[in-house]
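A.B. asks: Sharing query.txt here; it has compact mmCIF, C-alpha atoms.
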```
# COMPACT_ATOMS: atom_id res chain seq x y z
CA MET A 60 0.00 0.00 0.00
CA LYS A 61 2.86 2.35 0.88
CA SER A 62 4.60 1.68 -2.44
CA ARG A 63 1.34 2.31 -4.30
CA LEU A 64 0.87 5.65 -2.57
CA THR A 65 4.46 6.59 -3.36
CA LEU A 66 4.06 5.63 -7.02
CA GLY A 67 0.78 7.54 -7.24
CA SER A 68 2.39 10.64 -5.70
CA VAL A 69 5.27 10.46 -8.19
CA VAL A 70 2.84 10.23 -11.11
CA ILE A 71 0.81 13.18 -9.83
CA VAL A 72 3.94 15.29 -9.34
CA CYS A 73 5.19 14.44 -12.83
CA LEU A 74 1.84 15.39 -14.37
CA LEU A 75 1.81 18.67 -12.45
CA ILE A 76 5.35 19.47 -13.59
CA LEU A 77 4.43 18.66 -17.20
CA GLY A 78 1.35 20.86 -17.01
CA SER A 79 3.35 23.71 -15.44
CA VAL A 80 5.98 23.52 -18.18
CA MET A 81 3.30 23.61 -20.89
CA PHE A 82 1.79 26.76 -19.37
CA VAL A 83 5.14 28.48 -18.73
CA LEU A 84 6.69 27.85 -22.16
CA PRO A 85 4.60 30.45 -24.08
CA PHE A 86 5.38 33.09 -21.46
CA TYR A 87 9.08 32.15 -21.54
CA THR A 88 9.37 32.38 -25.32
CA SER A 89 7.51 35.69 -25.49
CA THR A 90 9.66 37.15 -22.71
CA VAL A 91 13.03 36.15 -24.17
CA THR A 92 11.93 37.33 -27.62
CA ALA A 93 10.93 40.71 -26.17
CA PHE A 94 14.54 41.30 -25.08
CA LYS A 95 16.12 40.30 -28.41
CA SER A 96 17.03 42.46 -31.37
CA PRO A 97 15.65 41.62 -34.85
CA ALA A 98 19.07 40.33 -35.93
CA GLU A 99 19.35 38.03 -32.93
CA ILE A 100 15.84 36.68 -33.48
CA ALA A 101 16.78 35.77 -37.06
CA THR A 102 20.01 34.01 -36.06
CA SER A 103 19.14 32.35 -32.75
CA SER A 104 16.78 29.68 -31.52
CA THR A 105 13.35 30.54 -30.17
CA TRP A 106 14.25 28.93 -26.84
CA SER A 107 17.66 30.56 -26.38
CA LEU A 108 18.24 33.38 -23.92
CA PRO A 109 19.18 36.79 -25.38
CA THR A 110 22.93 37.22 -25.57
CA HIS A 111 22.64 41.03 -25.50
CA PRO A 112 19.33 41.90 -23.77
CA THR A 113 17.85 45.21 -24.85
CA PHE A 114 15.07 47.33 -23.40
CA SER A 115 14.72 49.42 -26.54
CA ASN A 116 11.85 47.23 -27.75
CA PHE A 117 9.70 48.30 -24.80
CA GLY A 118 10.60 51.94 -25.33
CA GLU A 119 9.68 51.74 -29.01
CA VAL A 120 6.29 50.22 -28.15
CA LEU A 121 5.58 52.91 -25.57
CA ALA A 122 6.64 55.70 -27.94
CA ASN A 123 4.69 54.42 -30.95
CA PRO A 124 1.84 56.87 -31.73
CA ASN A 125 -0.25 54.12 -33.35
CA LEU A 126 -0.58 52.25 -30.04
CA SER A 127 -0.93 54.97 -27.34
CA PHE A 128 -0.01 52.39 -24.72
CA VAL A 129 -0.43 54.67 -21.72
CA ARG A 130 -3.92 55.76 -22.77
CA LEU A 131 -4.99 52.18 -23.48
CA PHE A 132 -3.53 51.09 -20.14
CA PHE A 133 -5.63 53.71 -18.33
CA ASN A 134 -8.78 52.63 -20.19
CA THR A 135 -8.16 48.99 -19.34
CA CYS A 136 -7.53 49.73 -15.66
CA LEU A 137 -10.71 51.82 -15.46
CA ILE A 138 -12.87 49.08 -16.99
CA ALA A 139 -11.23 46.15 -15.19
CA PHE A 140 -11.24 47.56 -11.66
CA LEU A 141 -14.65 49.27 -11.79
CA SER A 142 -16.16 46.08 -13.19
CA ALA A 143 -14.49 44.07 -10.44
CA LEU A 144 -15.93 46.45 -7.85
CA GLY A 145 -19.41 46.03 -9.31
CA VAL A 146 -19.03 42.25 -9.39
CA LEU A 147 -17.94 42.13 -5.75
CA LEU A 148 -20.79 44.32 -4.53
CA SER A 149 -23.61 42.72 -6.51
CA SER A 150 -22.56 39.06 -6.54
CA SER A 151 -21.86 39.02 -2.80
CA ALA A 152 -25.29 40.51 -2.03
CA VAL A 153 -27.08 38.02 -4.30
CA ALA A 154 -25.05 35.12 -2.93
CA TYR A 155 -25.92 36.14 0.63
CA ALA A 156 -29.61 36.07 -0.24
CA PHE A 157 -29.35 32.59 -1.73
CA ALA A 158 -27.25 31.25 1.14
CA ARG A 159 -28.74 32.83 4.27
CA ILE A 160 -32.29 34.03 3.51
CA LYS A 161 -35.22 31.65 3.07
CA PHE A 162 -37.81 32.87 0.60
CA PRO A 163 -40.35 31.11 -1.64
CA GLY A 164 -38.84 29.66 -4.81
CA ARG A 165 -35.27 30.24 -3.71
CA ASP A 166 -33.93 26.84 -4.84
CA ARG A 167 -35.78 26.94 -8.17
CA LEU A 168 -34.52 30.44 -8.84
CA PHE A 169 -30.98 29.33 -8.05
CA ILE A 170 -31.29 26.48 -10.55
CA VAL A 171 -32.41 28.97 -13.18
CA LEU A 172 -29.39 31.11 -12.31
CA LEU A 173 -27.04 28.16 -12.79
CA ALA A 174 -28.73 27.33 -16.09
CA THR A 175 -27.69 30.73 -17.45
CA MET A 176 -24.06 29.57 -17.23
CA MET A 177 -24.78 27.20 -20.11
CA LEU A 178 -26.10 30.02 -22.33
CA PRO A 179 -23.42 31.16 -24.82
CA GLY A 180 -22.67 34.86 -24.71
CA ILE A 181 -22.99 35.16 -28.47
CA VAL A 182 -26.73 34.37 -28.18
CA THR A 183 -27.39 37.59 -26.25
CA MET A 184 -24.77 39.74 -28.00
CA ILE A 185 -27.08 41.37 -30.58
CA PRO A 186 -30.02 42.08 -28.20
CA THR A 187 -27.60 43.50 -25.65
CA TYR A 188 -25.96 45.70 -28.26
CA LEU A 189 -29.33 47.04 -29.40
CA LEU A 190 -30.30 47.76 -25.79
CA PHE A 191 -27.12 49.72 -25.11
CA LYS A 192 -27.60 51.55 -28.42
CA VAL A 193 -31.01 52.74 -27.23
CA PHE A 194 -29.37 53.98 -24.02
CA GLY A 195 -26.74 55.85 -26.08
CA TRP A 196 -23.88 53.97 -24.44
CA ILE A 197 -22.10 52.78 -27.60
CA ASN A 198 -18.48 53.98 -27.80
CA THR A 199 -18.42 54.53 -24.03
CA PRO A 200 -17.10 52.22 -21.26
CA LEU A 201 -20.57 52.04 -19.66
CA PRO A 202 -21.63 48.74 -21.35
CA LEU A 203 -18.47 47.16 -19.94
CA ILE A 204 -18.92 48.50 -16.39
CA VAL A 205 -22.59 49.04 -15.51
CA PRO A 206 -23.80 45.40 -16.04
CA ALA A 207 -21.32 44.26 -13.39
CA PHE A 208 -23.34 46.13 -10.76
CA PHE A 209 -26.48 44.09 -11.59
CA GLY A 210 -25.78 40.54 -10.44
CA GLY A 211 -22.08 40.03 -11.01
CA GLY A 212 -22.37 36.80 -13.00
CA ALA A 213 -23.75 33.34 -12.22
CA PHE A 214 -20.36 31.76 -11.57
CA ASN A 215 -19.34 34.42 -9.05
CA ILE A 216 -22.68 34.13 -7.26
CA PHE A 217 -22.30 30.35 -7.11
CA LEU A 218 -18.74 30.61 -5.81
CA LEU A 219 -19.66 33.04 -3.03
CA ARG A 220 -22.83 31.15 -2.12
CA GLN A 221 -20.84 27.97 -1.57
CA PHE A 222 -18.45 29.85 0.70
CA PHE A 223 -21.26 31.52 2.66
CA LEU A 224 -22.91 28.14 3.24
CA GLY A 225 -19.77 27.00 5.04
CA ILE A 226 -20.01 29.78 7.64
CA PRO A 227 -21.84 28.57 10.79
CA ARG A 228 -25.40 29.84 11.08
CA ASP A 229 -24.89 30.27 14.83
CA LEU A 230 -23.25 33.60 14.02
CA ASP A 231 -26.39 34.77 12.24
CA GLU A 232 -28.61 33.68 15.12
CA ALA A 233 -26.42 35.45 17.66
CA ALA A 234 -26.50 38.63 15.58
CA ILE A 235 -30.31 38.41 15.21
CA LEU A 236 -30.68 38.07 18.99
CA ASP A 237 -28.69 41.30 19.31
CA GLY A 238 -31.17 43.01 16.96
CA ALA A 239 -29.04 42.97 13.81
CA SER A 240 -30.70 43.17 10.41
CA HIS A 241 -29.66 41.17 7.35
CA TRP A 242 -27.67 44.14 6.12
CA ILE A 243 -25.70 44.27 9.38
CA ILE A 244 -25.14 40.52 9.32
CA PHE A 245 -23.95 40.70 5.72
CA THR A 246 -21.58 43.64 6.18
CA LYS A 247 -20.36 43.01 9.74
CA VAL A 248 -20.35 39.22 10.02
CA ILE A 249 -20.37 37.41 6.66
CA ALA A 250 -18.25 39.76 4.55
CA PRO A 251 -15.31 40.01 7.02
CA LEU A 252 -15.21 36.20 7.26
CA SER A 253 -15.25 35.84 3.46
CA LYS A 254 -12.15 37.82 2.49
CA ALA A 255 -10.60 34.82 0.72
CA ALA A 256 -13.65 34.16 -1.44
CA LEU A 257 -14.16 37.86 -2.19
CA ALA A 258 -10.49 38.20 -3.16
CA THR A 259 -10.86 35.20 -5.45
CA VAL A 260 -13.86 36.72 -7.22
CA GLY A 261 -12.07 40.07 -7.48
CA VAL A 262 -8.93 38.57 -9.01
CA LEU A 263 -10.91 36.46 -11.49
CA SER A 264 -13.01 39.47 -12.49
CA VAL A 265 -9.99 41.72 -13.06
CA ILE A 266 -8.25 39.04 -15.14
CA TYR A 267 -11.37 38.42 -17.23
CA ASN A 268 -11.99 42.09 -17.97
CA TRP A 269 -8.30 42.81 -18.53
CA ARG A 270 -8.04 40.06 -21.16
CA ASP A 271 -11.50 40.56 -22.67
CA PHE A 272 -11.33 41.13 -26.41
CA MET A 273 -14.84 40.69 -27.80
CA ALA A 274 -16.82 43.16 -25.65
CA PRO A 275 -14.45 46.14 -26.15
CA LEU A 276 -14.29 45.33 -29.84
CA VAL A 277 -18.10 45.50 -30.10
CA TYR A 278 -18.82 48.55 -27.94
CA LEU A 279 -15.72 50.77 -28.30
CA ASN A 280 -15.12 52.37 -31.68
CA SER A 281 -12.78 55.30 -31.04
CA PRO A 282 -9.06 54.37 -30.83
CA ASP A 283 -8.57 56.57 -27.75
CA ARG A 284 -11.28 54.62 -25.84
CA GLN A 285 -10.18 51.09 -26.63
CA THR A 286 -8.38 48.66 -24.32
CA LEU A 287 -4.96 47.05 -24.43
CA GLU A 288 -6.22 43.87 -26.08
CA ILE A 289 -7.72 45.79 -28.99
CA GLY A 290 -4.70 48.08 -29.26
CA LEU A 291 -2.30 45.14 -29.23
CA SER A 292 -4.28 43.40 -31.95
CA THR A 293 -4.20 46.56 -34.07
CA TYR A 294 -0.49 46.94 -33.40
CA ASN A 295 0.00 43.33 -34.48
CA ASN A 296 -1.59 44.11 -37.86
CA LEU A 297 0.62 47.17 -38.29
CA LYS A 298 3.85 45.47 -37.19
CA THR A 299 3.48 42.11 -38.90
CA GLN A 300 6.46 39.78 -38.29
CA GLN A 301 8.23 42.33 -36.08
CA TRP A 302 8.25 39.82 -33.28
CA HIS A 303 10.50 41.77 -30.93
CA LEU A 304 7.96 44.60 -30.75
CA LEU A 305 4.89 42.34 -30.61
CA MET A 306 6.35 40.26 -27.78
CA ALA A 307 7.41 43.39 -25.90
CA GLY A 308 3.85 44.69 -26.05
CA SER A 309 2.45 41.32 -24.98
CA VAL A 310 4.78 41.13 -21.98
CA MET A 311 3.81 44.61 -20.83
CA VAL A 312 0.14 43.63 -21.04
CA MET A 313 0.75 40.50 -18.96
CA ILE A 314 2.93 42.03 -16.23
CA PRO A 315 0.08 43.72 -14.26
CA LEU A 316 -1.86 40.45 -14.15
CA ILE A 317 1.18 38.54 -12.92
CA ILE A 318 1.77 41.09 -10.17
CA LEU A 319 -1.91 40.97 -9.20
CA PHE A 320 -1.88 37.18 -9.02
CA PHE A 321 1.24 37.03 -6.84
CA PHE A 322 -0.23 39.55 -4.40
CA GLY A 323 -3.57 37.73 -4.26
CA GLN A 324 -2.29 34.16 -4.60
CA ARG A 325 -2.79 33.24 -0.95
CA PHE A 326 -6.39 34.45 -0.91
CA PHE A 327 -7.03 33.02 -4.36
CA VAL A 328 -5.97 29.46 -3.50
CA LYS A 329 -7.72 29.57 -0.13
CA GLY A 330 -10.95 30.84 -1.68
CA ILE A 331 -10.98 28.10 -4.32
CA THR A 332 -10.29 25.26 -1.87
CA MET A 333 -12.72 26.43 0.82
CA THR A 334 -15.63 26.69 -1.63
CA GLY A 335 -15.22 23.06 -2.67
CA ILE A 336 -14.20 23.86 -6.28
CA LYS A 337 -10.96 21.94 -6.71
```
Take the structure in the file and give it back as structure tokens.
C.D. replies:
Amino acid sequence: MKSRLTLGSVVIVCLLILGSVMFVLPFYTSTVTAFKSPAEIATSSTWSLPTHPTFSNFGEVLANPNLSFVRLFFNTCLIAFLSALGVLLSSSAVAYAFARIKFPGRDRLFIVLLATMMLPGIVTMIPTYLLFKVFGWINTPLPLIVPAFFGGGAFNIFLLRQFFLGIPRDLDEAAILDGASHWIIFTKVIAPLSKAALATVGVLSVIYNWRDFMAPLVYLNSPDRQTLEIGLSTYNNLKTQQWHLLMAGSVMVMIPLIILFFFGQRFFVKGITMTGIK
């Protein structure tokens, strides 16, 4: 039995290492290419480290007037973090209602909510666009921010609900005996105990909105209002086969997400494991 457990552990570790290498390789190749000159890219292997690393590629990307990297970075930060704020506020409130408040039809309504996760986004794309057109929100960041304040997404609600269900109800009963309302219980009891789950939802929301390509492409028309993903795609069309510049831009887009993940890694892993989603 001991040898079987040891063999199973070795197999699991090997699979995890293989999976890690597969995920790290694209980032490694893009990073080393970003520090190479065009001549070195043409004469060296894709996997080789740069012999003479240069930062001029990043400076050229930042200075290029066709990209306006700083402006696009500001637009992306505005959309990503405001949307994450809306997701945290709305999804946590809805999840609290599903987890701690008993009302008629609660379980059936929750099933309907989960069913919406199976509905492809492309099905509602045209009706949603027409609705925002009536509101006059096209070519503004409002279609990318305001919906986050109305529900926060079925997956985020499900994730927080599962976490809230794991908090003992004795805390609610004690707060009710002290005269606390549901709002007080939610803000003073449940939310402080759910920092890991809330951080998980926040990190996932920022990453999703930071890397979102389709929604900004549909709703944002002016170049000065677009996001980094759209700008990088446009820059890719303008700088075809200039891999040193394309990889430099890609690395700069990824760096904020990597920093965010390392700062929130402890809460992220804890939130995932404690909600039962492994």
A.B. asks: Write out, as a Markdown table, each residue of segment 121-169 of chain A that has an atom at most 12 Å from segment 313-326 of chain A, together with the closest pair of atoms and their distance in Å to one decimal, counting all atoms listed in the file, rows going by chain and rising number.
C.D. replies:
```
| residue | atom | partner | partner_atom | distance |
| --- | --- | --- | --- | --- |
| A:Phe132 | CA | A:Pro315 | CA | 10.1 |
| A:Thr135 | CA | A:Pro315 | CA | 11.0 |
| A:Cys136 | CA | A:Pro315 | CA | 9.8 |
| A:Ala139 | CA | A:Leu316 | CA | 11.0 |
| A:Phe140 | CA | A:Leu319 | CA | 11.7 |
```
A.B. asks: What is the atom CA of Tyr294 of chain A-atom CA of Leu203 of chain A distance in Å, reported with one decimal?
C.D. replies: 22.5 Å
A.B. asks: Go through A:Thr92, A:Ser309, A:Ser115, A:Thr286 and flag the residue nearest Asn134 of chain A, using only C-alpha atoms for the distances.
C.D. replies: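 For Asn134 of chain A, the nearest of the candidates is A:Thr286.
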A.B. asks: Smallest atom-to-atom distance to Phe222 of chain A: which of A:Ala154, A:Val248, A:Ile170, A:Leu189, using only C-alpha atoms?
C.D. replies: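 Among the listed residues, the smallest separation from Phe222 of chain A belongs to A:Ala154.
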A.B. asks: Would you place a box with edges along x, y and z of the file around all atoms of segment 108-115 of chain A listed there, add 5 Å to each of its six sides, and report the centre and edge lengths in Å to one decimal, as lines of an AutoDock Vina configuration file?
C.D. replies:
```
center_x = 18.8
center_y = 41.4
center_z = -25.0
size_x = 18.2
size_y = 26.0
size_z = 13.1
```
A.B. asks: Between atom CA of Glu99 of chain A and atom CA of Ser292 of chain A, what is the distance, to one decimal in Å?
C.D. replies: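 Between atom CA of Glu99 of chain A and atom CA of Ser292 of chain A the gap is 24.3 Å.
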A.B. asks: For segment 83-116 of chain A against segment 64-79 of chain A, with a cut-off of 12 Å and counting only C-alpha atoms, what is the closest atom pair and its distance in Å to one decimal for every residue that makes the cut, ordered by chain and number, as a tab-separated table?
C.D. replies:
```
residue	atom	partner	partner_atom	distance
A:Val83	CA	A:Ser79	CA	6.1
A:Leu84	CA	A:Ser79	CA	8.6
A:Pro85	CA	A:Ser79	CA	11.0
A:Phe86	CA	A:Ser79	CA	11.3
A:Tyr87	CA	A:Ser79	CA	11.9
```
A.B. asks: What does the distance between atom CA of Ile197 of chain A and atom CA of Leu148 of chain A come to in Å, to one decimal place?
C.D. replies: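 If I compute the distance from atom CA of Ile197 of chain A to atom CA of Leu148 of chain A, I get 24.6 Å.
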A.B. asks: Return the single residue from A:Leu137, A:Leu190, A:Ala156, A:Val120 that is closest to Tyr278 of chain A, with distances computed using only C-alpha atoms.
C.D. replies: A:Leu190
A.B. asks: Write out as JSON, numbers by chain the residues lying within 12 Å of Phe128 of chain A, counting only C-alpha atoms and excluding same-chain residues fewer than 2 positions away.
C.D. replies: {"A": [117, 118, 119, 120, 121, 122, 123, 124, 125, 126, 130, 131, 132, 133, 134, 135, 282, 283, 284, 285, 286, 287, 288, 289, 290, 291, 293, 294, 307, 308, 309, 311, 312]}
A.B. asks: Would you export the selected residues with C-alpha atoms as a PDB file, in the coordinates of the input, please?
C.D. replies:
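Result saved to selection.pdb:
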```pdb
ATOM      1  CA  PHE A 117       9.700  48.300 -24.800  1.00  0.00           C
ATOM      2  CA  GLY A 118      10.600  51.940 -25.330  1.00  0.00           C
ATOM      3  CA  GLU A 119       9.680  51.740 -29.010  1.00  0.00           C
ATOM      4  CA  VAL A 120       6.290  50.220 -28.150  1.00  0.00           C
ATOM      5  CA  LEU A 121       5.580  52.910 -25.570  1.00  0.00           C
ATOM      6  CA  ALA A 122       6.640  55.700 -27.940  1.00  0.00           C
ATOM      7  CA  ASN A 123       4.690  54.420 -30.950  1.00  0.00           C
ATOM      8  CA  PRO A 124       1.840  56.870 -31.730  1.00  0.00           C
ATOM      9  CA  ASN A 125      -0.250  54.120 -33.350  1.00  0.00           C
ATOM     10  CA  LEU A 126      -0.580  52.250 -30.040  1.00  0.00           C
ATOM     11  CA  ARG A 130      -3.920  55.760 -22.770  1.00  0.00           C
ATOM     12  CA  LEU A 131      -4.990  52.180 -23.480  1.00  0.00           C
ATOM     13  CA  PHE A 132      -3.530  51.090 -20.140  1.00  0.00           C
ATOM     14  CA  PHE A 133      -5.630  53.710 -18.330  1.00  0.00           C
ATOM     15  CA  ASN A 134      -8.780  52.630 -20.190  1.00  0.00           C
ATOM     16  CA  THR A 135      -8.160  48.990 -19.340  1.00  0.00           C
ATOM     17  CA  PRO A 282      -9.060  54.370 -30.830  1.00  0.00           C
ATOM     18  CA  ASP A 283      -8.570  56.570 -27.750  1.00  0.00           C
ATOM     19  CA  ARG A 284     -11.280  54.620 -25.840  1.00  0.00           C
ATOM     20  CA  GLN A 285     -10.180  51.090 -26.630  1.00  0.00           C
ATOM     21  CA  THR A 286      -8.380  48.660 -24.320  1.00  0.00           C
ATOM     22  CA  LEU A 287      -4.960  47.050 -24.430  1.00  0.00           C
ATOM     23  CA  GLU A 288      -6.220  43.870 -26.080  1.00  0.00           C
ATOM     24  CA  ILE A 289      -7.720  45.790 -28.990  1.00  0.00           C
ATOM     25  CA  GLY A 290      -4.700  48.080 -29.260  1.00  0.00           C
ATOM     26  CA  LEU A 291      -2.300  45.140 -29.230  1.00  0.00           C
ATOM     27  CA  THR A 293      -4.200  46.560 -34.070  1.00  0.00           C
ATOM     28  CA  TYR A 294      -0.490  46.940 -33.400  1.00  0.00           C
ATOM     29  CA  ALA A 307       7.410  43.390 -25.900  1.00  0.00           C
ATOM     30  CA  GLY A 308       3.850  44.690 -26.050  1.00  0.00           C
ATOM     31  CA  SER A 309       2.450  41.320 -24.980  1.00  0.00           C
ATOM     32  CA  MET A 311       3.810  44.610 -20.830  1.00  0.00           C
ATOM     33  CA  VAL A 312       0.140  43.630 -21.040  1.00  0.00           C
TER      34      VAL A 312
END
```
A.B. asks: Need the shell around Ser150 of chain A: protein/DNA/RNA residues with any atom at most 7 Å away, counting all atoms listed in the file. Skip same-chain ones fewer than 2 positions apart. Format as a PyMOL selection string?
C.D. replies: chain A and resi 146-148+152-154+210-212+215-216
A.B. asks: Those same residues - C-alpha atoms - I'd like them written as a tab-separated table (two decimals), in the coordinates of the input.
C.D. replies:
```tsv
chain	number	residue	atom	x	y	z
A	146	VAL	CA	-19.03	42.25	-9.39
A	147	LEU	CA	-17.94	42.13	-5.75
A	148	LEU	CA	-20.79	44.32	-4.53
A	152	ALA	CA	-25.29	40.51	-2.03
A	153	VAL	CA	-27.08	38.02	-4.30
A	154	ALA	CA	-25.05	35.12	-2.93
A	210	GLY	CA	-25.78	40.54	-10.44
A	211	GLY	CA	-22.08	40.03	-11.01
A	212	GLY	CA	-22.37	36.80	-13.00
A	215	ASN	CA	-19.34	34.42	-9.05
A	216	ILE	CA	-22.68	34.13	-7.26
```
A.B. asks: Restricting the calculation to only C-alpha atoms: of A:Asn280, A:Ser151, A:Gln301, A:Thr199, which residue gets closest to Ala258 of chain A?
C.D. replies: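 Checking each candidate against Ala258 of chain A, we get A:Ser151 as the closest.
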A.B. asks: With distances taken over all atoms listed in the file, which of A:Phe169, A:Phe208, A:Phe191, A:Tyr155 is nearest to Ser253 of chain A?
C.D. replies: A:Tyr155
